[in-house]
file my_file_16.cif (mmCIF, N, CA, C and O atoms)
data_upload
loop_
_atom_site.label_atom_id
_atom_site.label_comp_id
_atom_site.auth_asym_id
_atom_site.auth_seq_id
_atom_site.Cartn_x
_atom_site.Cartn_y
_atom_site.Cartn_z
N MET F 1127 19.65 -45.35 -49.64
CA MET F 1127 19.87 -46.43 -48.72
C MET F 1127 19.19 -46.16 -47.39
O MET F 1127 18.84 -47.11 -46.71
N LYS F 1128 19.01 -44.90 -47.04
CA LYS F 1128 18.35 -44.60 -45.78
C LYS F 1128 16.93 -45.14 -45.73
O LYS F 1128 16.43 -45.46 -44.69
N LEU F 1129 16.29 -45.25 -46.87
CA LEU F 1129 14.92 -45.73 -46.92
C LEU F 1129 14.84 -47.25 -47.09
O LEU F 1129 13.76 -47.81 -47.16
N GLY F 1130 15.98 -47.91 -47.13
CA GLY F 1130 16.00 -49.35 -47.20
C GLY F 1130 15.94 -49.95 -48.59
O GLY F 1130 15.72 -51.14 -48.75
N PHE F 1131 16.14 -49.16 -49.62
CA PHE F 1131 16.09 -49.67 -50.99
C PHE F 1131 17.44 -50.25 -51.40
O PHE F 1131 18.08 -49.78 -52.34
N THR F 1132 17.84 -51.30 -50.72
CA THR F 1132 19.15 -51.87 -50.99
C THR F 1132 19.25 -52.51 -52.37
O THR F 1132 20.30 -52.44 -53.00
N THR F 1133 18.17 -53.10 -52.85
CA THR F 1133 18.19 -53.72 -54.18
C THR F 1133 18.41 -52.67 -55.26
O THR F 1133 19.22 -52.86 -56.18
N HIS F 1134 17.72 -51.54 -55.12
CA HIS F 1134 17.88 -50.45 -56.09
C HIS F 1134 19.29 -49.85 -56.01
O HIS F 1134 19.90 -49.55 -57.04
N ALA F 1135 19.78 -49.70 -54.80
CA ALA F 1135 21.12 -49.15 -54.63
C ALA F 1135 22.17 -50.07 -55.24
O ALA F 1135 23.11 -49.61 -55.90
N ARG F 1136 22.01 -51.37 -55.05
CA ARG F 1136 22.96 -52.33 -55.61
C ARG F 1136 22.94 -52.26 -57.14
O ARG F 1136 23.98 -52.32 -57.80
N GLN F 1137 21.74 -52.12 -57.73
CA GLN F 1137 21.64 -52.02 -59.19
C GLN F 1137 22.31 -50.74 -59.69
O GLN F 1137 23.03 -50.77 -60.70
N LEU F 1138 22.09 -49.64 -59.01
CA LEU F 1138 22.76 -48.39 -59.38
C LEU F 1138 24.28 -48.55 -59.30
O LEU F 1138 25.02 -48.08 -60.16
N PHE F 1139 24.72 -49.22 -58.26
CA PHE F 1139 26.14 -49.47 -58.06
C PHE F 1139 26.71 -50.27 -59.24
O PHE F 1139 27.75 -49.94 -59.79
N LYS F 1140 26.00 -51.32 -59.65
CA LYS F 1140 26.45 -52.15 -60.77
C LYS F 1140 26.48 -51.38 -62.08
O LYS F 1140 27.30 -51.66 -62.95
N ASP F 1141 25.58 -50.41 -62.23
CA ASP F 1141 25.48 -49.64 -63.47
C ASP F 1141 26.44 -48.45 -63.53
O ASP F 1141 26.54 -47.80 -64.58
N MET F 1142 27.14 -48.18 -62.45
CA MET F 1142 28.04 -47.03 -62.43
C MET F 1142 29.23 -47.26 -63.36
O MET F 1142 29.81 -48.35 -63.37
N PRO F 1143 29.60 -46.24 -64.14
CA PRO F 1143 30.75 -46.41 -65.04
C PRO F 1143 32.08 -46.43 -64.28
O PRO F 1143 33.05 -47.02 -64.73
N TYR F 1144 32.12 -45.76 -63.14
CA TYR F 1144 33.35 -45.69 -62.35
C TYR F 1144 32.99 -45.96 -60.90
O TYR F 1144 32.18 -45.25 -60.31
N ILE F 1145 33.57 -47.00 -60.33
CA ILE F 1145 33.30 -47.36 -58.94
C ILE F 1145 34.56 -47.06 -58.14
O ILE F 1145 35.65 -47.53 -58.47
N ASP F 1146 34.40 -46.27 -57.08
CA ASP F 1146 35.54 -45.91 -56.26
C ASP F 1146 35.28 -46.30 -54.80
O ASP F 1146 34.27 -46.93 -54.47
N VAL F 1147 36.20 -45.91 -53.94
CA VAL F 1147 36.09 -46.25 -52.52
C VAL F 1147 34.85 -45.61 -51.90
O VAL F 1147 34.17 -46.22 -51.08
N VAL F 1148 34.51 -44.41 -52.32
CA VAL F 1148 33.35 -43.71 -51.77
C VAL F 1148 32.06 -44.46 -52.09
O VAL F 1148 31.24 -44.72 -51.20
N SER F 1149 31.87 -44.84 -53.34
CA SER F 1149 30.64 -45.54 -53.71
C SER F 1149 30.56 -46.90 -53.01
O SER F 1149 29.48 -47.31 -52.56
N ARG F 1150 31.68 -47.58 -52.87
CA ARG F 1150 31.68 -48.86 -52.15
C ARG F 1150 31.36 -48.65 -50.68
O ARG F 1150 30.61 -49.43 -50.08
N SER F 1151 31.91 -47.62 -50.09
CA SER F 1151 31.66 -47.34 -48.67
C SER F 1151 30.19 -47.02 -48.42
O SER F 1151 29.61 -47.44 -47.41
N VAL F 1152 29.58 -46.30 -49.34
CA VAL F 1152 28.15 -45.97 -49.21
C VAL F 1152 27.30 -47.24 -49.25
O VAL F 1152 26.39 -47.42 -48.44
N LEU F 1153 27.62 -48.13 -50.17
CA LEU F 1153 26.85 -49.38 -50.27
C LEU F 1153 27.09 -50.25 -49.04
O LEU F 1153 26.14 -50.85 -48.50
N ILE F 1154 28.30 -50.31 -48.55
CA ILE F 1154 28.59 -51.06 -47.31
C ILE F 1154 27.80 -50.47 -46.15
O ILE F 1154 27.19 -51.21 -45.37
N TRP F 1155 27.79 -49.15 -46.04
CA TRP F 1155 27.02 -48.49 -44.98
C TRP F 1155 25.54 -48.84 -45.10
O TRP F 1155 24.88 -49.15 -44.09
N GLY F 1156 25.01 -48.80 -46.30
CA GLY F 1156 23.60 -49.11 -46.50
C GLY F 1156 23.26 -50.53 -46.09
O GLY F 1156 22.25 -50.78 -45.44
N TYR F 1157 24.10 -51.48 -46.48
CA TYR F 1157 23.87 -52.86 -46.06
C TYR F 1157 23.94 -52.97 -44.54
O TYR F 1157 23.11 -53.65 -43.92
N SER F 1158 24.92 -52.33 -43.93
CA SER F 1158 25.07 -52.39 -42.48
C SER F 1158 23.85 -51.82 -41.75
O SER F 1158 23.40 -52.39 -40.77
N GLN F 1159 23.35 -50.71 -42.24
CA GLN F 1159 22.24 -50.03 -41.58
C GLN F 1159 20.89 -50.69 -41.83
O GLN F 1159 19.94 -50.44 -41.10
N ASN F 1160 20.79 -51.51 -42.85
CA ASN F 1160 19.51 -52.10 -43.22
C ASN F 1160 19.41 -53.59 -42.94
O ASN F 1160 18.53 -54.27 -43.46
N GLY F 1161 20.31 -54.10 -42.11
CA GLY F 1161 20.20 -55.48 -41.67
C GLY F 1161 20.75 -56.53 -42.61
O GLY F 1161 20.29 -57.67 -42.60
N TYR F 1162 21.73 -56.16 -43.41
CA TYR F 1162 22.37 -57.12 -44.32
C TYR F 1162 23.86 -57.20 -44.02
O TYR F 1162 24.71 -56.84 -44.84
N PRO F 1163 24.21 -57.69 -42.83
CA PRO F 1163 25.63 -57.69 -42.44
C PRO F 1163 26.51 -58.56 -43.32
O PRO F 1163 27.65 -58.20 -43.59
N HIS F 1164 25.98 -59.67 -43.77
CA HIS F 1164 26.79 -60.55 -44.62
C HIS F 1164 27.08 -59.91 -45.98
O HIS F 1164 28.18 -60.06 -46.51
N ASN F 1165 26.11 -59.17 -46.51
CA ASN F 1165 26.33 -58.46 -47.78
C ASN F 1165 27.39 -57.38 -47.61
O ASN F 1165 28.23 -57.19 -48.49
N ALA F 1166 27.34 -56.68 -46.48
CA ALA F 1166 28.33 -55.63 -46.22
C ALA F 1166 29.73 -56.22 -46.13
O ALA F 1166 30.68 -55.71 -46.73
N LEU F 1167 29.85 -57.32 -45.40
CA LEU F 1167 31.14 -57.97 -45.25
C LEU F 1167 31.63 -58.55 -46.58
O LEU F 1167 32.81 -58.42 -46.92
N GLN F 1168 30.73 -59.12 -47.33
CA GLN F 1168 31.09 -59.68 -48.64
C GLN F 1168 31.59 -58.59 -49.59
O GLN F 1168 32.58 -58.77 -50.30
N LEU F 1169 30.92 -57.44 -49.60
CA LEU F 1169 31.36 -56.33 -50.44
C LEU F 1169 32.72 -55.81 -50.00
O LEU F 1169 33.57 -55.48 -50.84
N PHE F 1170 32.95 -55.76 -48.70
CA PHE F 1170 34.24 -55.33 -48.18
C PHE F 1170 35.36 -56.26 -48.65
O PHE F 1170 36.40 -55.82 -49.14
N VAL F 1171 35.14 -57.57 -48.54
CA VAL F 1171 36.14 -58.55 -48.98
C VAL F 1171 36.38 -58.42 -50.48
O VAL F 1171 37.53 -58.44 -50.94
N HIS F 1172 35.31 -58.24 -51.24
CA HIS F 1172 35.43 -58.05 -52.68
C HIS F 1172 36.25 -56.79 -52.99
O HIS F 1172 37.07 -56.77 -53.92
N MET F 1173 36.03 -55.76 -52.21
CA MET F 1173 36.75 -54.50 -52.37
C MET F 1173 38.26 -54.73 -52.19
O MET F 1173 39.07 -54.24 -52.98
N ILE F 1174 38.62 -55.48 -51.16
CA ILE F 1174 40.03 -55.76 -50.89
C ILE F 1174 40.63 -56.59 -52.03
O ILE F 1174 41.74 -56.33 -52.49
N ARG F 1175 39.88 -57.58 -52.47
CA ARG F 1175 40.38 -58.46 -53.54
C ARG F 1175 40.60 -57.71 -54.85
O ARG F 1175 41.43 -58.10 -55.66
N GLU F 1176 39.84 -56.63 -55.05
CA GLU F 1176 40.01 -55.83 -56.27
C GLU F 1176 41.02 -54.71 -56.08
O GLU F 1176 41.10 -53.79 -56.88
N SER F 1177 41.78 -54.78 -54.99
CA SER F 1177 42.86 -53.83 -54.69
C SER F 1177 42.41 -52.41 -54.40
O SER F 1177 43.17 -51.47 -54.58
N PHE F 1178 41.15 -52.25 -53.99
CA PHE F 1178 40.71 -50.94 -53.52
C PHE F 1178 41.14 -50.81 -52.07
O PHE F 1178 40.97 -51.73 -51.28
N LYS F 1179 41.70 -49.68 -51.72
CA LYS F 1179 42.14 -49.48 -50.35
C LYS F 1179 41.03 -48.80 -49.55
O LYS F 1179 40.66 -47.66 -49.83
N PRO F 1180 40.48 -49.49 -48.56
CA PRO F 1180 39.43 -48.87 -47.74
C PRO F 1180 40.00 -47.74 -46.91
O PRO F 1180 41.20 -47.70 -46.62
N ASN F 1181 39.14 -46.82 -46.53
CA ASN F 1181 39.54 -45.71 -45.67
C ASN F 1181 38.81 -45.82 -44.34
O ASN F 1181 38.09 -46.79 -44.09
N GLN F 1182 38.98 -44.84 -43.48
CA GLN F 1182 38.33 -44.87 -42.16
C GLN F 1182 36.81 -44.94 -42.30
O GLN F 1182 36.15 -45.63 -41.53
N THR F 1183 36.26 -44.25 -43.27
CA THR F 1183 34.81 -44.26 -43.46
C THR F 1183 34.33 -45.66 -43.85
O THR F 1183 33.29 -46.10 -43.38
N THR F 1184 35.09 -46.34 -44.68
CA THR F 1184 34.72 -47.70 -45.07
C THR F 1184 34.66 -48.61 -43.84
O THR F 1184 33.69 -49.34 -43.64
N ILE F 1185 35.70 -48.55 -43.02
CA ILE F 1185 35.76 -49.39 -41.82
C ILE F 1185 34.63 -49.02 -40.86
O ILE F 1185 33.94 -49.90 -40.33
N ALA F 1186 34.42 -47.73 -40.65
CA ALA F 1186 33.35 -47.28 -39.74
C ALA F 1186 31.98 -47.69 -40.27
O ALA F 1186 31.07 -47.97 -39.48
N SER F 1187 31.82 -47.73 -41.58
CA SER F 1187 30.54 -48.14 -42.18
C SER F 1187 30.30 -49.63 -42.02
O SER F 1187 29.16 -50.08 -41.91
N LEU F 1188 31.36 -50.40 -42.01
CA LEU F 1188 31.25 -51.85 -41.91
C LEU F 1188 31.04 -52.33 -40.48
O LEU F 1188 30.35 -53.34 -40.25
N LEU F 1189 31.60 -51.65 -39.52
CA LEU F 1189 31.57 -52.13 -38.14
C LEU F 1189 30.17 -52.38 -37.56
O LEU F 1189 30.00 -53.35 -36.82
N PRO F 1190 29.15 -51.56 -37.86
CA PRO F 1190 27.83 -51.89 -37.30
C PRO F 1190 27.31 -53.26 -37.73
O PRO F 1190 26.46 -53.84 -37.05
N SER F 1191 27.83 -53.81 -38.82
CA SER F 1191 27.43 -55.15 -39.26
C SER F 1191 28.03 -56.24 -38.38
O SER F 1191 27.61 -57.38 -38.45
N CYS F 1192 29.00 -55.88 -37.60
CA CYS F 1192 29.78 -56.88 -36.87
C CYS F 1192 29.34 -57.06 -35.43
O CYS F 1192 30.15 -57.29 -34.55
N LEU F 1193 28.08 -56.95 -35.17
CA LEU F 1193 27.56 -57.18 -33.82
C LEU F 1193 27.14 -58.62 -33.66
O LEU F 1193 26.74 -59.29 -34.60
N ARG F 1194 27.23 -59.08 -32.46
CA ARG F 1194 26.83 -60.43 -32.07
C ARG F 1194 27.45 -61.53 -32.93
O ARG F 1194 28.57 -61.89 -32.72
N GLU F 1195 26.72 -62.05 -33.94
CA GLU F 1195 27.21 -63.23 -34.65
C GLU F 1195 28.46 -62.96 -35.47
O GLU F 1195 29.22 -63.87 -35.77
N LEU F 1196 28.71 -61.72 -35.82
CA LEU F 1196 29.89 -61.40 -36.62
C LEU F 1196 30.94 -60.64 -35.82
O LEU F 1196 31.82 -59.99 -36.39
N PHE F 1197 30.88 -60.73 -34.49
CA PHE F 1197 31.78 -59.95 -33.65
C PHE F 1197 33.24 -60.24 -33.95
O PHE F 1197 34.07 -59.34 -33.98
N LEU F 1198 33.57 -61.51 -34.17
CA LEU F 1198 34.98 -61.83 -34.47
C LEU F 1198 35.44 -61.17 -35.75
O LEU F 1198 36.59 -60.76 -35.87
N HIS F 1199 34.53 -61.01 -36.71
CA HIS F 1199 34.88 -60.28 -37.93
C HIS F 1199 35.16 -58.82 -37.61
O HIS F 1199 36.03 -58.20 -38.21
N GLY F 1200 34.40 -58.28 -36.67
CA GLY F 1200 34.61 -56.89 -36.25
C GLY F 1200 35.99 -56.70 -35.68
O GLY F 1200 36.67 -55.71 -35.98
N ARG F 1201 36.43 -57.63 -34.86
CA ARG F 1201 37.77 -57.55 -34.31
C ARG F 1201 38.82 -57.66 -35.42
O ARG F 1201 39.84 -56.98 -35.40
N SER F 1202 38.56 -58.52 -36.39
CA SER F 1202 39.48 -58.66 -37.52
C SER F 1202 39.53 -57.38 -38.34
O SER F 1202 40.60 -56.97 -38.80
N ILE F 1203 38.38 -56.76 -38.53
CA ILE F 1203 38.32 -55.51 -39.30
C ILE F 1203 39.04 -54.40 -38.54
O ILE F 1203 39.76 -53.60 -39.14
N HIS F 1204 38.89 -54.38 -37.23
CA HIS F 1204 39.62 -53.42 -36.40
C HIS F 1204 41.13 -53.63 -36.60
O HIS F 1204 41.87 -52.67 -36.84
N GLY F 1205 41.56 -54.89 -36.55
CA GLY F 1205 42.98 -55.19 -36.77
C GLY F 1205 43.44 -54.81 -38.17
O GLY F 1205 44.55 -54.30 -38.34
N PHE F 1206 42.59 -55.03 -39.16
CA PHE F 1206 42.91 -54.65 -40.53
C PHE F 1206 43.16 -53.14 -40.61
O PHE F 1206 44.11 -52.69 -41.24
N GLY F 1207 42.28 -52.37 -39.96
CA GLY F 1207 42.43 -50.92 -39.96
C GLY F 1207 43.74 -50.47 -39.34
O GLY F 1207 44.41 -49.56 -39.84
N ILE F 1208 44.13 -51.15 -38.26
CA ILE F 1208 45.41 -50.82 -37.61
C ILE F 1208 46.57 -51.15 -38.54
O ILE F 1208 47.47 -50.33 -38.73
N LYS F 1209 46.56 -52.36 -39.11
CA LYS F 1209 47.65 -52.77 -40.00
C LYS F 1209 47.73 -51.91 -41.26
O LYS F 1209 48.81 -51.70 -41.81
N ALA F 1210 46.58 -51.41 -41.72
CA ALA F 1210 46.56 -50.57 -42.91
C ALA F 1210 46.98 -49.14 -42.60
O ALA F 1210 47.10 -48.32 -43.50
N GLY F 1211 47.20 -48.84 -41.32
CA GLY F 1211 47.65 -47.51 -40.92
C GLY F 1211 46.58 -46.44 -41.06
O GLY F 1211 46.88 -45.28 -41.31
N LEU F 1212 45.31 -46.83 -40.87
CA LEU F 1212 44.22 -45.87 -41.05
C LEU F 1212 44.07 -44.89 -39.90
O LEU F 1212 43.35 -43.92 -39.99
N GLY F 1213 44.73 -45.14 -38.79
CA GLY F 1213 44.61 -44.23 -37.67
C GLY F 1213 43.27 -44.41 -36.98
O GLY F 1213 42.51 -45.32 -37.27
N LEU F 1214 42.99 -43.50 -36.06
CA LEU F 1214 41.77 -43.62 -35.28
C LEU F 1214 41.10 -42.25 -35.22
O LEU F 1214 41.13 -41.58 -34.20
N GLY F 1215 40.49 -41.85 -36.33
CA GLY F 1215 39.74 -40.60 -36.35
C GLY F 1215 38.48 -40.73 -35.50
O GLY F 1215 38.13 -41.82 -35.04
N SER F 1216 37.80 -39.65 -35.31
CA SER F 1216 36.63 -39.67 -34.43
C SER F 1216 35.52 -40.59 -34.96
O SER F 1216 34.87 -41.30 -34.19
N GLN F 1217 35.31 -40.62 -36.26
CA GLN F 1217 34.26 -41.47 -36.83
C GLN F 1217 34.56 -42.95 -36.58
O GLN F 1217 33.71 -43.70 -36.12
N LEU F 1218 35.78 -43.35 -36.85
CA LEU F 1218 36.17 -44.74 -36.65
C LEU F 1218 36.23 -45.08 -35.17
O LEU F 1218 35.78 -46.14 -34.74
N GLY F 1219 36.74 -44.18 -34.37
CA GLY F 1219 36.79 -44.40 -32.92
C GLY F 1219 35.42 -44.59 -32.32
O GLY F 1219 35.20 -45.49 -31.50
N ASN F 1220 34.47 -43.76 -32.74
CA ASN F 1220 33.10 -43.90 -32.24
C ASN F 1220 32.48 -45.22 -32.68
O ASN F 1220 31.78 -45.87 -31.89
N ALA F 1221 32.71 -45.63 -33.91
CA ALA F 1221 32.16 -46.89 -34.40
C ALA F 1221 32.75 -48.07 -33.63
O ALA F 1221 32.02 -49.00 -33.25
N LEU F 1222 34.05 -48.03 -33.36
CA LEU F 1222 34.68 -49.10 -32.59
C LEU F 1222 34.13 -49.16 -31.17
O LEU F 1222 33.83 -50.24 -30.65
N MET F 1223 34.02 -48.01 -30.53
CA MET F 1223 33.48 -47.97 -29.16
C MET F 1223 32.07 -48.53 -29.13
O MET F 1223 31.71 -49.28 -28.22
N SER F 1224 31.28 -48.19 -30.12
CA SER F 1224 29.90 -48.67 -30.18
C SER F 1224 29.84 -50.19 -30.31
O SER F 1224 29.08 -50.86 -29.60
N VAL F 1225 30.64 -50.75 -31.20
CA VAL F 1225 30.65 -52.20 -31.41
C VAL F 1225 31.11 -52.91 -30.14
O VAL F 1225 30.47 -53.86 -29.68
N TYR F 1226 32.22 -52.46 -29.57
CA TYR F 1226 32.73 -53.14 -28.38
C TYR F 1226 31.79 -52.98 -27.19
O TYR F 1226 31.61 -53.91 -26.41
N ALA F 1227 31.16 -51.83 -27.06
CA ALA F 1227 30.22 -51.62 -25.95
C ALA F 1227 28.99 -52.51 -26.10
O ALA F 1227 28.52 -53.11 -25.12
N LYS F 1228 28.47 -52.63 -27.31
CA LYS F 1228 27.29 -53.47 -27.53
C LYS F 1228 27.59 -54.94 -27.36
O LYS F 1228 26.69 -55.72 -27.10
N CYS F 1229 28.86 -55.31 -27.51
CA CYS F 1229 29.23 -56.71 -27.35
C CYS F 1229 29.86 -56.95 -25.97
O CYS F 1229 30.49 -57.99 -25.74
N CYS F 1230 29.70 -55.98 -25.09
CA CYS F 1230 30.14 -56.11 -23.69
C CYS F 1230 31.64 -56.36 -23.53
O CYS F 1230 32.07 -57.06 -22.62
N THR F 1231 32.44 -55.81 -24.41
CA THR F 1231 33.89 -55.92 -24.28
C THR F 1231 34.52 -54.54 -24.44
O THR F 1231 35.42 -54.35 -25.24
N LEU F 1232 34.05 -53.62 -23.66
CA LEU F 1232 34.53 -52.24 -23.77
C LEU F 1232 36.03 -52.12 -23.52
O LEU F 1232 36.69 -51.27 -24.09
N LYS F 1233 36.59 -53.01 -22.71
CA LYS F 1233 38.04 -52.96 -22.44
C LYS F 1233 38.85 -53.19 -23.73
O LYS F 1233 39.93 -52.69 -23.86
N ALA F 1234 38.31 -53.96 -24.65
CA ALA F 1234 39.01 -54.26 -25.90
C ALA F 1234 39.16 -53.03 -26.79
O ALA F 1234 40.06 -52.97 -27.61
N SER F 1235 38.29 -52.07 -26.63
CA SER F 1235 38.36 -50.88 -27.47
C SER F 1235 39.51 -50.00 -27.04
O SER F 1235 40.01 -49.21 -27.77
#
call {"tool": "encode", "arguments": {"input": "my_file_16.cif", "output": "structure tokens"}}
result
Amino acid sequence: MKLGFTTHARQLFKDMPYIDVVSRSVLIWGYSQNGYPHNALQLFVHMIRESFKPNQTTIASLLPSCLRELFLHGRSIHGFGIKAGLGLGSQLGNALMSVYAKCCTLKAS
């Protein structure tokens, strides 16, 4: 995913015999980092609907997708993390600070 091969990564994901939270988080991160915020958010919603419980890494991977046009989704995802009791580890805390700072609402973090 670092090289931007999101199509290949998605196909590998579909071909996996066992899909877990880690593999979903990696694909969400890849979409987020390669400019596919809607795909990242869609995969996250699909993950929830299939009763997979996201972890701090999943939330931190999704947050970079929530800049500007998806900022309200970012706030919702932040709230989801709080309600799910995920806590605020350094990875998630840094991701939240980054999103709020880039959207000029640092007080919200």
call {"tool": "closest_residue", "arguments": {"input": "my_file_16.cif", "among": "F:Ser1191, F:Glu1176, F:Ser1151, F:Thr1183", "to": "His1164 in chain F", "atoms": "only N, CA, C and O atoms"}}
result
F:Ser1191
call {"tool": "atom_distance", "arguments": {"input": "my_file_16.cif", "atom1": "CA of Gly1211 in chain F", "atom2": "atom C of Val1152 in chain F"}}
result
22.0 Å
call {"tool": "residues_around", "arguments": {"input": "my_file_16.cif", "residues": "Leu1188 in chain F", "least_positions_apart": "5", "cutoff": "6 Å", "atoms": "only N, CA, C and O atoms", "output": "mmCIF file with N, CA, C and O atoms, keeping the file's coordinate frame"}}
result
data_model
loop_
_atom_site.group_PDB
_atom_site.id
_atom_site.type_symbol
_atom_site.label_atom_id
_atom_site.label_comp_id
_atom_site.auth_asym_id
_atom_site.auth_seq_id
_atom_site.Cartn_x
_atom_site.Cartn_y
_atom_site.Cartn_z
ATOM 1 N N ILE F 1154 28.300 -50.310 -48.550
ATOM 2 C CA ILE F 1154 28.590 -51.060 -47.310
ATOM 3 C C ILE F 1154 27.800 -50.470 -46.150
ATOM 4 O O ILE F 1154 27.190 -51.210 -45.370
ATOM 5 N N TRP F 1155 27.790 -49.150 -46.040
ATOM 6 C CA TRP F 1155 27.020 -48.490 -44.980
ATOM 7 C C TRP F 1155 25.540 -48.840 -45.100
ATOM 8 O O TRP F 1155 24.880 -49.150 -44.090
ATOM 9 N N SER F 1158 24.920 -52.330 -43.930
ATOM 10 C CA SER F 1158 25.070 -52.390 -42.480
ATOM 11 C C SER F 1158 23.850 -51.820 -41.750
ATOM 12 O O SER F 1158 23.400 -52.390 -40.770
ATOM 13 N N THR F 1183 36.260 -44.250 -43.270
ATOM 14 C CA THR F 1183 34.810 -44.260 -43.460
ATOM 15 C C THR F 1183 34.330 -45.660 -43.850
ATOM 16 O O THR F 1183 33.290 -46.100 -43.380
#
call {"tool": "residues_near_point", "arguments": {"input": "my_file_16.cif", "point": "(39.9, -42.1, -42.1)", "cutoff": "6 Å", "atoms": "only N, CA, C and O atoms", "output": "ChimeraX atom specification"}}
result
/F:1181-1183,1212,1215
call {"tool": "atom_distance", "arguments": {"input": "my_file_16.cif", "atom1": "atom C of Ala1186 in chain F", "atom2": "CA of Leu1218 in chain F"}}
result
6.3 Å
call {"tool": "atom_distance", "arguments": {"input": "my_file_16.cif", "atom1": "CA of Tyr1162 in chain F", "atom2": "atom O of Val1147 in chain F"}}
result
17.4 Å
call {"tool": "closest_residue", "arguments": {"input": "my_file_16.cif", "among": "F:Ile1174, F:Ile1185, F:Ile1145, F:Leu1167", "to": "Ile1203 in chain F", "atoms": "only N, CA, C and O atoms"}}
result
F:Ile1185
call {"tool": "closest_residue", "arguments": {"input": "my_file_16.cif", "among": "F:Lys1140, F:His1172, F:Ala1210, F:Gly1161", "to": "Pro1190 in chain F", "atoms": "only C-alpha atoms"}}
result
F:Gly1161
